[in-house]
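Asks: File follows, query_4.txt with compact mmCIF, C-alpha atoms:
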```
# COMPACT_ATOMS: atom_id res chain seq x y z
CA MET E 1 69.68 -25.58 8.76
CA SER E 2 68.08 -28.60 10.35
CA LYS E 3 70.94 -28.94 12.79
CA ASN E 4 70.44 -25.35 13.81
CA ILE E 5 66.81 -26.03 14.65
CA LEU E 6 67.79 -28.98 16.81
CA MET E 7 70.50 -26.91 18.42
CA MET E 8 68.02 -24.17 19.17
CA ALA E 9 65.60 -26.66 20.67
CA ILE E 10 68.36 -28.01 22.90
CA LEU E 11 69.45 -24.54 23.89
CA ALA E 12 65.86 -23.61 24.64
CA MET E 13 65.54 -26.66 26.86
CA VAL E 14 68.77 -25.89 28.70
CA PHE E 15 67.72 -22.28 28.98
CA ILE E 16 64.30 -23.15 30.37
CA SER E 17 65.71 -25.66 32.83
CA GLY E 18 68.21 -23.07 33.95
CA CYS E 19 65.68 -20.33 34.46
CA ALA E 20 62.62 -22.14 35.68
CA THR E 21 64.04 -22.68 39.16
CA VAL E 22 61.93 -20.57 41.45
CA GLN E 23 62.75 -21.65 44.96
CA PRO E 24 65.58 -23.85 46.16
CA TYR E 25 64.47 -27.28 47.34
CA ASN E 26 64.33 -27.87 51.09
CA TYR E 27 67.11 -30.40 51.52
CA SER E 28 66.99 -30.74 55.31
CA ALA E 29 65.57 -34.29 55.31
CA LEU E 30 67.94 -35.42 52.58
CA THR E 31 70.97 -33.92 54.28
CA LYS E 32 70.02 -35.52 57.56
CA ALA E 33 69.35 -38.98 56.09
CA ALA E 34 72.40 -38.81 53.78
CA PRO E 35 71.57 -42.02 51.87
CA HIS E 36 74.36 -44.01 50.22
CA SER E 37 72.27 -46.37 48.14
CA ILE E 38 69.09 -46.09 46.10
CA LEU E 39 66.68 -48.80 45.08
CA VAL E 40 64.71 -47.82 41.98
CA LEU E 41 61.46 -49.74 41.85
CA PRO E 42 59.88 -50.36 38.43
CA PRO E 43 57.62 -47.34 37.88
CA LEU E 44 53.88 -47.12 38.38
CA ASN E 45 52.24 -46.32 35.09
CA SER E 46 49.22 -44.10 34.50
CA SER E 47 50.03 -43.59 30.83
CA VAL E 48 48.50 -45.73 28.10
CA GLU E 49 51.94 -46.90 26.99
CA VAL E 50 52.52 -50.34 28.51
CA ASP E 51 56.26 -50.29 27.79
CA ALA E 52 56.81 -47.07 29.72
CA PRO E 53 57.91 -48.50 33.11
CA TYR E 54 60.68 -50.68 31.79
CA THR E 55 61.85 -48.17 29.23
CA TYR E 56 62.15 -45.65 32.03
CA LEU E 57 63.96 -48.19 34.17
CA SER E 58 66.67 -48.43 31.49
CA THR E 59 67.46 -44.71 31.79
CA ILE E 60 67.69 -44.04 35.51
CA SER E 61 70.77 -45.93 36.76
CA GLN E 62 73.30 -43.66 35.07
CA PRO E 63 72.09 -40.28 36.32
CA LEU E 64 71.72 -41.51 39.91
CA ALA E 65 75.06 -43.33 39.96
CA GLU E 66 76.83 -40.38 38.38
CA LYS E 67 75.30 -38.23 41.08
CA GLY E 68 77.22 -40.30 43.61
CA TYR E 69 74.84 -43.01 44.81
CA TYR E 70 74.98 -46.77 44.70
CA VAL E 71 72.09 -47.83 42.46
CA PHE E 72 70.85 -51.38 42.88
CA PRO E 73 70.85 -53.35 39.61
CA VAL E 74 67.41 -52.50 38.26
CA SER E 75 66.95 -55.57 36.12
CA VAL E 76 68.24 -57.98 38.77
CA VAL E 77 65.93 -56.45 41.37
CA ASP E 78 63.00 -56.68 38.96
CA SER E 79 63.67 -60.37 38.23
CA PHE E 80 64.15 -61.04 41.90
CA LEU E 81 60.82 -59.44 42.84
CA LYS E 82 59.01 -61.20 40.00
CA GLU E 83 60.35 -64.55 41.08
CA ASN E 84 59.26 -63.82 44.62
CA GLY E 85 55.60 -63.31 43.91
CA LEU E 86 55.40 -59.70 42.73
CA PRO E 87 54.73 -59.91 39.00
CA THR E 88 53.93 -56.25 38.28
CA PRO E 89 55.35 -52.81 39.10
CA ALA E 90 52.11 -51.97 40.91
CA GLU E 91 52.67 -54.86 43.33
CA MET E 92 56.37 -54.06 43.68
CA ASN E 93 55.49 -50.50 44.70
CA GLY E 94 53.50 -51.93 47.56
CA ILE E 95 56.44 -53.60 49.32
CA THR E 96 56.86 -52.26 52.82
CA LEU E 97 59.97 -50.30 53.70
CA ASP E 98 60.73 -52.83 56.44
CA LYS E 99 60.84 -55.59 53.85
CA ILE E 100 63.10 -53.51 51.60
CA ASP E 101 65.42 -52.91 54.52
CA GLU E 102 65.45 -56.58 55.42
CA ILE E 103 65.94 -58.07 51.95
CA ILE E 104 67.65 -55.41 49.87
CA GLY E 105 69.27 -53.16 52.43
CA ALA E 106 68.75 -49.95 50.50
CA ASP E 107 69.02 -46.60 52.28
CA ALA E 108 66.42 -44.97 50.06
CA VAL E 109 63.81 -45.95 47.50
CA LEU E 110 63.06 -44.00 44.36
CA TYR E 111 59.37 -44.26 43.55
CA VAL E 112 58.54 -43.32 39.98
CA HIS E 113 55.10 -42.45 38.70
CA ILE E 114 54.68 -42.10 34.95
CA GLU E 115 51.74 -39.92 33.95
CA ASP E 116 52.25 -39.46 30.23
CA TRP E 117 54.51 -41.32 27.85
CA GLY E 118 55.00 -41.95 24.16
CA GLN E 119 55.07 -40.59 20.70
CA LYS E 120 52.73 -37.61 20.20
CA TYR E 121 52.02 -35.54 17.15
CA ARG E 122 52.26 -31.81 17.73
CA ALA E 123 52.29 -29.09 15.11
CA LEU E 124 53.19 -31.61 12.44
CA LEU E 125 56.07 -32.98 14.42
CA SER E 126 56.38 -36.35 16.02
CA VAL E 127 57.48 -35.75 19.59
CA ALA E 128 58.54 -38.26 22.23
CA VAL E 129 56.88 -37.19 25.47
CA VAL E 130 57.76 -38.16 29.02
CA LYS E 131 55.95 -36.80 32.03
CA GLY E 132 55.79 -37.98 35.58
CA HIS E 133 57.05 -37.62 39.08
CA ILE E 134 59.86 -39.19 41.11
CA LYS E 135 60.26 -39.23 44.85
CA LEU E 136 63.07 -40.44 47.06
CA VAL E 137 62.00 -41.89 50.38
CA SER E 138 64.11 -42.93 53.36
CA VAL E 139 63.84 -46.67 54.02
CA LYS E 140 64.60 -46.22 57.72
CA THR E 141 62.07 -43.45 58.49
CA GLY E 142 59.70 -43.32 55.53
CA GLU E 143 60.43 -39.63 55.23
CA LEU E 144 60.32 -37.89 51.88
CA LEU E 145 63.92 -36.92 51.10
CA TRP E 146 63.59 -35.36 47.67
CA ASP E 147 61.13 -35.26 44.82
CA SER E 148 60.82 -33.81 41.38
CA VAL E 149 58.70 -33.65 38.29
CA ILE E 150 60.20 -35.49 35.33
CA GLN E 151 59.21 -33.90 32.09
CA ALA E 152 60.73 -33.66 28.65
CA GLU E 153 59.89 -33.80 24.99
CA TYR E 154 62.23 -34.95 22.30
CA SER E 155 61.67 -34.48 18.61
CA PRO E 156 63.85 -36.30 16.11
CA ASN E 157 64.94 -33.89 13.46
CA THR E 158 63.63 -35.15 10.16
CA ASN E 159 62.60 -31.92 8.53
CA ASN E 160 65.21 -31.09 5.93
CA SER E 161 63.28 -28.75 3.67
CA ALA E 162 61.65 -25.47 4.40
CA GLY E 163 57.92 -24.77 4.15
CA LEU E 164 54.72 -26.48 5.09
CA ILE E 165 55.08 -29.39 2.70
CA GLY E 166 58.55 -29.97 3.96
CA SER E 167 57.34 -30.08 7.51
CA LEU E 168 54.46 -32.34 6.54
CA VAL E 169 56.86 -34.75 4.91
CA GLY E 170 59.08 -34.43 7.90
CA ALA E 171 56.23 -35.35 10.19
CA VAL E 172 55.39 -38.40 8.10
CA VAL E 173 58.96 -39.58 7.93
CA SER E 174 59.46 -39.14 11.61
CA GLN E 175 56.14 -40.85 12.29
CA ILE E 176 57.29 -43.90 10.36
CA ALA E 177 60.71 -43.73 11.91
CA GLY E 178 59.09 -43.41 15.31
CA GLU E 179 57.62 -46.85 14.91
CA VAL E 180 61.06 -48.30 14.38
CA VAL E 181 63.13 -46.08 16.60
CA ASP E 182 61.87 -45.48 20.10
CA ASN E 183 62.76 -41.94 21.12
CA THR E 184 61.20 -42.18 24.54
CA PRO E 185 64.47 -43.27 26.23
CA LEU E 186 66.02 -40.03 24.98
CA ALA E 187 63.14 -38.00 26.31
CA ALA E 188 63.40 -39.85 29.62
CA ARG E 189 67.13 -39.13 29.82
CA LEU E 190 66.50 -35.46 29.18
CA ALA E 191 63.79 -35.47 31.85
CA ASN E 192 66.07 -37.23 34.36
CA ASP E 193 68.93 -34.87 33.67
CA THR E 194 66.76 -31.84 34.26
CA ALA E 195 65.23 -33.28 37.42
CA ILE E 196 68.38 -34.64 39.03
CA ASN E 197 70.94 -32.07 37.97
CA SER E 198 69.03 -28.81 38.32
CA GLU E 199 71.04 -26.39 40.36
CA LYS E 200 68.53 -25.46 43.03
CA THR E 201 66.01 -28.27 42.93
CA GLY E 202 68.08 -31.25 41.80
CA LEU E 203 69.30 -34.16 43.87
CA LEU E 204 72.30 -33.43 46.10
CA ASP E 205 75.59 -35.18 45.41
CA GLY E 206 75.84 -38.60 47.03
CA PRO E 207 78.85 -39.98 48.92
CA TYR E 208 80.46 -41.62 45.86
CA LYS E 209 80.44 -38.58 43.63
CA ARG E 210 83.80 -38.02 41.94
CA TYR E 211 84.59 -35.07 39.75
CA LYS E 212 87.01 -35.23 36.87
CA ASP E 213 90.01 -34.34 39.01
CA GLY E 214 89.06 -37.02 41.51
CA ALA E 215 87.69 -34.49 43.97
CA LYS E 216 84.60 -35.34 45.99
CA THR E 217 83.11 -31.87 45.74
CA SER E 218 82.99 -29.29 43.00
CA LYS E 219 85.02 -26.08 43.39
CA MET A 1 68.90 -52.13 16.87
CA ASN A 2 71.86 -50.09 15.65
CA ASN A 3 69.48 -47.20 15.54
CA ILE A 4 68.76 -47.54 19.22
CA LYS A 5 72.46 -47.46 19.90
CA LEU A 6 72.85 -44.45 17.68
CA TYR A 7 70.11 -42.64 19.52
CA LEU A 8 71.62 -43.51 22.85
CA TYR A 9 74.90 -42.04 21.66
CA ALA A 10 73.01 -39.00 20.48
CA ALA A 11 71.43 -38.80 23.92
CA ALA A 12 74.81 -39.04 25.55
CA LEU A 13 76.02 -36.20 23.34
CA LEU A 14 72.92 -34.17 24.04
CA LEU A 15 73.25 -34.60 27.77
CA SER A 16 76.93 -33.88 27.65
CA GLY A 17 76.02 -30.53 26.14
CA CYS A 18 73.91 -29.75 29.19
CA ALA A 19 76.34 -30.74 31.88
CA THR A 20 79.83 -32.12 31.38
CA THR A 21 81.25 -34.77 29.10
CA TYR A 22 82.80 -36.45 32.08
CA THR A 23 81.29 -39.59 33.57
CA GLN A 24 82.91 -41.23 36.54
CA TYR A 25 81.90 -44.74 35.43
CA TYR A 26 82.35 -46.53 32.12
CA TRP A 27 78.74 -47.22 31.11
CA GLY A 28 79.17 -49.08 27.83
CA ASP A 29 76.14 -51.18 26.88
CA TYR A 30 74.76 -51.79 30.36
CA GLU A 31 71.66 -49.63 30.12
CA SER A 32 70.95 -50.41 26.47
CA LEU A 33 71.03 -54.11 27.42
CA ILE A 34 68.46 -53.40 30.12
CA TYR A 35 66.31 -51.70 27.49
CA GLN A 36 66.65 -54.61 25.11
CA THR A 37 66.02 -57.18 27.83
CA TYR A 38 62.47 -55.84 28.04
CA HIS A 39 61.82 -54.77 24.46
CA SER A 40 63.59 -57.30 22.28
CA PRO A 41 64.66 -60.15 24.57
CA ASN A 42 65.29 -62.46 21.62
CA ASP A 43 68.06 -60.16 20.43
CA VAL A 44 69.84 -60.30 23.76
CA PRO A 45 69.85 -63.84 25.16
CA PRO A 46 72.07 -64.29 28.25
CA SER A 47 75.04 -65.44 26.14
CA VAL A 48 74.98 -62.22 24.12
CA GLN A 49 74.66 -60.08 27.23
CA ILE A 50 77.52 -61.94 28.90
CA ASP A 51 79.77 -61.22 25.91
CA LYS A 52 78.82 -57.56 25.76
CA LEU A 53 79.22 -56.98 29.48
CA ASN A 54 82.61 -58.68 29.52
CA ILE A 55 83.70 -56.50 26.62
CA ASP A 56 82.53 -53.46 28.60
CA ILE A 57 84.56 -54.60 31.59
CA GLU A 58 87.67 -54.77 29.40
CA LYS A 59 86.93 -51.40 27.83
CA ALA A 60 86.45 -49.87 31.25
CA GLN A 61 89.87 -51.12 32.27
CA THR A 62 91.39 -49.65 29.13
CA ALA A 63 89.62 -46.37 29.81
CA GLY A 64 90.84 -46.44 33.40
CA LYS A 65 87.32 -46.09 34.78
CA PRO A 66 85.30 -48.24 37.16
CA VAL A 67 82.32 -50.16 35.84
CA PRO A 68 79.00 -48.75 37.04
CA PRO A 69 77.00 -49.98 40.02
CA GLY A 70 74.91 -52.97 39.00
CA LEU A 71 76.91 -54.15 36.00
CA TYR A 72 78.51 -57.14 37.72
CA ALA A 73 75.22 -58.08 39.38
CA HIS A 74 73.50 -57.96 36.00
CA LEU A 75 76.29 -60.10 34.57
CA GLY A 76 75.71 -62.52 37.44
CA LEU A 77 72.03 -62.73 36.58
CA MET A 78 72.93 -63.51 32.98
CA TYR A 79 75.38 -66.25 33.99
CA ALA A 80 72.72 -67.73 36.21
CA ALA A 81 70.17 -67.61 33.39
CA ASP A 82 72.75 -69.30 31.18
CA GLY A 83 73.14 -72.07 33.75
CA ASN A 84 76.63 -71.14 34.84
CA LYS A 85 76.29 -70.96 38.57
CA GLU A 86 79.96 -70.61 39.46
CA LEU A 87 80.50 -67.60 37.25
CA ALA A 88 77.18 -66.19 38.43
CA ILE A 89 78.35 -66.27 42.03
CA ALA A 90 81.76 -64.88 41.06
CA ALA A 91 80.14 -61.92 39.30
CA LEU A 92 77.73 -61.28 42.18
CA THR A 93 80.62 -61.41 44.63
CA LYS A 94 82.50 -58.89 42.49
CA GLU A 95 79.54 -56.51 42.68
CA LYS A 96 79.64 -56.74 46.46
CA GLU A 97 83.39 -56.21 46.53
CA LEU A 98 83.19 -53.09 44.38
CA PHE A 99 80.04 -51.77 46.03
CA PRO A 100 79.65 -52.89 49.64
CA ASP A 101 76.21 -51.21 49.72
CA SER A 102 74.95 -54.16 47.70
CA GLY A 103 76.07 -56.62 50.38
CA LYS A 104 72.78 -57.58 51.95
CA PHE A 105 70.99 -58.01 48.64
CA ILE A 106 73.84 -59.93 47.00
CA ASP A 107 74.30 -62.22 50.01
CA GLY A 108 70.59 -63.01 49.85
CA LEU A 109 70.79 -63.81 46.14
CA ILE A 110 73.79 -66.10 46.65
CA LYS A 111 72.17 -67.79 49.62
CA ARG A 112 69.02 -68.46 47.67
CA SER A 113 71.01 -69.80 44.74
CA SER A 114 72.69 -72.35 46.98
CA THR A 115 69.40 -73.33 48.60
CA TYR A 116 67.61 -73.67 45.30
CA SER A 117 69.52 -74.89 42.32
CA GLN A 118 67.31 -73.30 39.67
CA GLY A 119 67.97 -69.64 38.98
CA ILE A 120 69.33 -67.19 41.48
CA ALA A 121 66.14 -66.07 43.12
CA SER A 122 63.77 -68.98 42.90
CA GLU A 123 61.65 -69.82 45.81
```
What's the structure tokens form of this structure?
Replies:
Amino acid sequence: MSKNILMMAILAMVFISGCATVQPYNYSALTKAAPHSILVLPPLNSSVEVDAPYTYLSTISQPLAEKGYYVFPVSVVDSFLKENGLPTPAEMNGITLDKIDEIIGADAVLYVHIEDWGQKYRALLSVAVVKGHIKLVSVKTGELLWDSVIQAEYSPNTNNSAGLIGSLVGAVVSQIAGEVVDNTPLAARLANDTAINSEKTGLLDGPYKRYKDGAKTSK
Amino acid sequence: MNNIKLYLYAAALLLSGCATTYTQYYWGDYESLIYQTYHSPNDVPPSVQIDKLNIDIEKAQTAGKPVPPGLYAHLGLMYAADGNKELAIAALTKEKELFPDSGKFIDGLIKRSSTYSQGIASE
């Protein structure tokens, strides 16, 4: 029963992400720049959740690398910038592209802006919410190469009994559990997957993309 | 802590439902270590991270997959934090070997580490 609900939620999410594409993204700048490597700066944070930037940072290397790009080591870069006089993400986001080119040598920078983040309580359910925006900018020209909304909600399935009381109990349990288990990384991963891998608006494959058969392109 | 791992696995499963189960790199604990570095640093001192990353490197070999971008550089940072400069430089060099795109950044880190003995990026 409960697994079915989760399954339906997942299906709904997949369904929505599959259908919501209205217009294909204009990839001309991205195709022209054809970046090989991406520097992900620690996100700017407009949410009230102070942990949001670094939680997000722990979810973004995999989807970008699996898309075929070299992703600079997020934690190493963060330590490096901190030790060189930039203690906060806000200051790191202010580094000039020239400086990034000179010191890090990245082809593109992914700027992340987090607008909403954390555990919310909706319709008696505790839901991990992630909302924001990511944009990929060419280090050489400053041009916008690609951008996307990042948005997802993840609800741990704790409701095992039917009815209002059941769902109330479920909400309480998941609320308590939510304090121990942080579901925001899951929500962030869902958001990244939708943003990066959407068919018409996602990021294009990078030069290091390899499919299961070793091929560089699908089909 | 195990719960976090469990949820990450669940996430992996979830995501695999959306796209494909195939990943071209062996990810292991790399990203969960990044998470823990910021949220529960006392649980993952450099020595623990070094062990886990080295286990991942072995598992990747067994699985016949490359380690992901950044893993060796992160390992290098951990060796440096643990005071083992030689292994730090070896790991950083390995990152550059596997991923030449990291060259400029890695060279800078190594250069700084030889100029300043404390840490890899002190100034």
Asks: Using only C-alpha atoms, which of E:Met92, E:Val76, E:Leu39, E:Ile150 sits nearest Leu110 of chain E?
Replies: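 Checking each candidate against Leu110 of chain E, we get E:Leu39 as the closest.
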Asks: To one decimal place in Å, what is the distance between atom CA of Tyr72 of chain A and atom CA of Tyr56 of chain E?
Replies: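 It comes out at 20.8 Å.
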Asks: Taking (80.0, -50.3, 23.8) in the file's coordinates as the center, which residues reach within 9 Å of it, counting all atoms listed in the file, put as a ChimeraX atom specification?
Replies: /A:5,27-30,52-53,55-56,59
Asks: Could you work out how far atom CA of Tyr54 of chain E lies from atom CA of Leu109 of chain A, giving the answer in Å with one decimal?
Replies: 21.9 Å
Asks: Could you list the residues in chain E lying within 6 Å of chain A, using all atoms listed in the file, and format the result as a short mmCIF file (atom, residue, chain, number, x, y, z; two decimals) with C-alpha atoms, keeping the file's coordinate frame?
Replies:
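Ended up saving to result05.cif:
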```
data_model
loop_
_atom_site.label_atom_id
_atom_site.label_comp_id
_atom_site.auth_asym_id
_atom_site.auth_seq_id
_atom_site.Cartn_x
_atom_site.Cartn_y
_atom_site.Cartn_z
CA THR E 55 61.85 -48.17 29.23
CA SER E 58 66.67 -48.43 31.49
CA VAL E 71 72.09 -47.83 42.46
CA PHE E 72 70.85 -51.38 42.88
CA PRO E 73 70.85 -53.35 39.61
CA VAL E 76 68.24 -57.98 38.77
CA PHE E 80 64.15 -61.04 41.90
CA GLU E 83 60.35 -64.55 41.08
CA ILE E 104 67.65 -55.41 49.87
CA GLY E 105 69.27 -53.16 52.43
CA LEU E 186 66.02 -40.03 24.98
#
```
Asks: What would segment 88-100 of chain A look like with N, CA and C atoms in place, written as a PDB file, in the coordinates of the input?
Replies:
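Written out: result19.pdb:
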```
ATOM      1  N   ALA A  88      78.230 -67.077  37.904  1.00  0.00           N
ATOM      2  CA  ALA A  88      77.180 -66.190  38.430  1.00  0.00           C
ATOM      3  C   ALA A  88      77.564 -65.707  39.828  1.00  0.00           C
ATOM      4  N   ILE A  89      77.969 -66.635  40.653  1.00  0.00           N
ATOM      5  CA  ILE A  89      78.350 -66.270  42.030  1.00  0.00           C
ATOM      6  C   ILE A  89      79.602 -65.396  42.039  1.00  0.00           C
ATOM      7  N   ALA A  90      80.541 -65.697  41.144  1.00  0.00           N
ATOM      8  CA  ALA A  90      81.760 -64.880  41.060  1.00  0.00           C
ATOM      9  C   ALA A  90      81.412 -63.438  40.690  1.00  0.00           C
ATOM     10  N   ALA A  91      80.504 -63.274  39.737  1.00  0.00           N
ATOM     11  CA  ALA A  91      80.140 -61.920  39.300  1.00  0.00           C
ATOM     12  C   ALA A  91      79.377 -61.193  40.409  1.00  0.00           C
ATOM     13  N   LEU A  92      78.476 -61.901  41.070  1.00  0.00           N
ATOM     14  CA  LEU A  92      77.730 -61.280  42.180  1.00  0.00           C
ATOM     15  C   LEU A  92      78.675 -60.857  43.302  1.00  0.00           C
ATOM     16  N   THR A  93      79.649 -61.721  43.581  1.00  0.00           N
ATOM     17  CA  THR A  93      80.620 -61.410  44.630  1.00  0.00           C
ATOM     18  C   THR A  93      81.432 -60.171  44.259  1.00  0.00           C
ATOM     19  N   LYS A  94      81.744 -60.059  42.971  1.00  0.00           N
ATOM     20  CA  LYS A  94      82.500 -58.890  42.490  1.00  0.00           C
ATOM     21  C   LYS A  94      81.698 -57.601  42.694  1.00  0.00           C
ATOM     22  N   GLU A  95      80.393 -57.682  42.445  1.00  0.00           N
ATOM     23  CA  GLU A  95      79.540 -56.510  42.680  1.00  0.00           C
ATOM     24  C   GLU A  95      79.646 -56.058  44.140  1.00  0.00           C
ATOM     25  N   LYS A  96      79.590 -57.040  45.026  1.00  0.00           N
ATOM     26  CA  LYS A  96      79.640 -56.740  46.460  1.00  0.00           C
ATOM     27  C   LYS A  96      80.994 -56.165  46.855  1.00  0.00           C
ATOM     28  N   GLU A  97      82.042 -56.704  46.256  1.00  0.00           N
ATOM     29  CA  GLU A  97      83.390 -56.210  46.530  1.00  0.00           C
ATOM     30  C   GLU A  97      83.534 -54.747  46.124  1.00  0.00           C
ATOM     31  N   LEU A  98      83.059 -54.452  44.909  1.00  0.00           N
ATOM     32  CA  LEU A  98      83.190 -53.090  44.380  1.00  0.00           C
ATOM     33  C   LEU A  98      82.255 -52.129  45.091  1.00  0.00           C
ATOM     34  N   PHE A  99      81.071 -52.628  45.436  1.00  0.00           N
ATOM     35  CA  PHE A  99      80.040 -51.770  46.030  1.00  0.00           C
ATOM     36  C   PHE A  99      79.451 -52.444  47.271  1.00  0.00           C
ATOM     37  N   PRO A 100      80.096 -52.227  48.408  1.00  0.00           N
ATOM     38  CA  PRO A 100      79.650 -52.890  49.640  1.00  0.00           C
ATOM     39  C   PRO A 100      78.176 -52.608  49.990  1.00  0.00           C
TER      40      PRO A 100
END
```
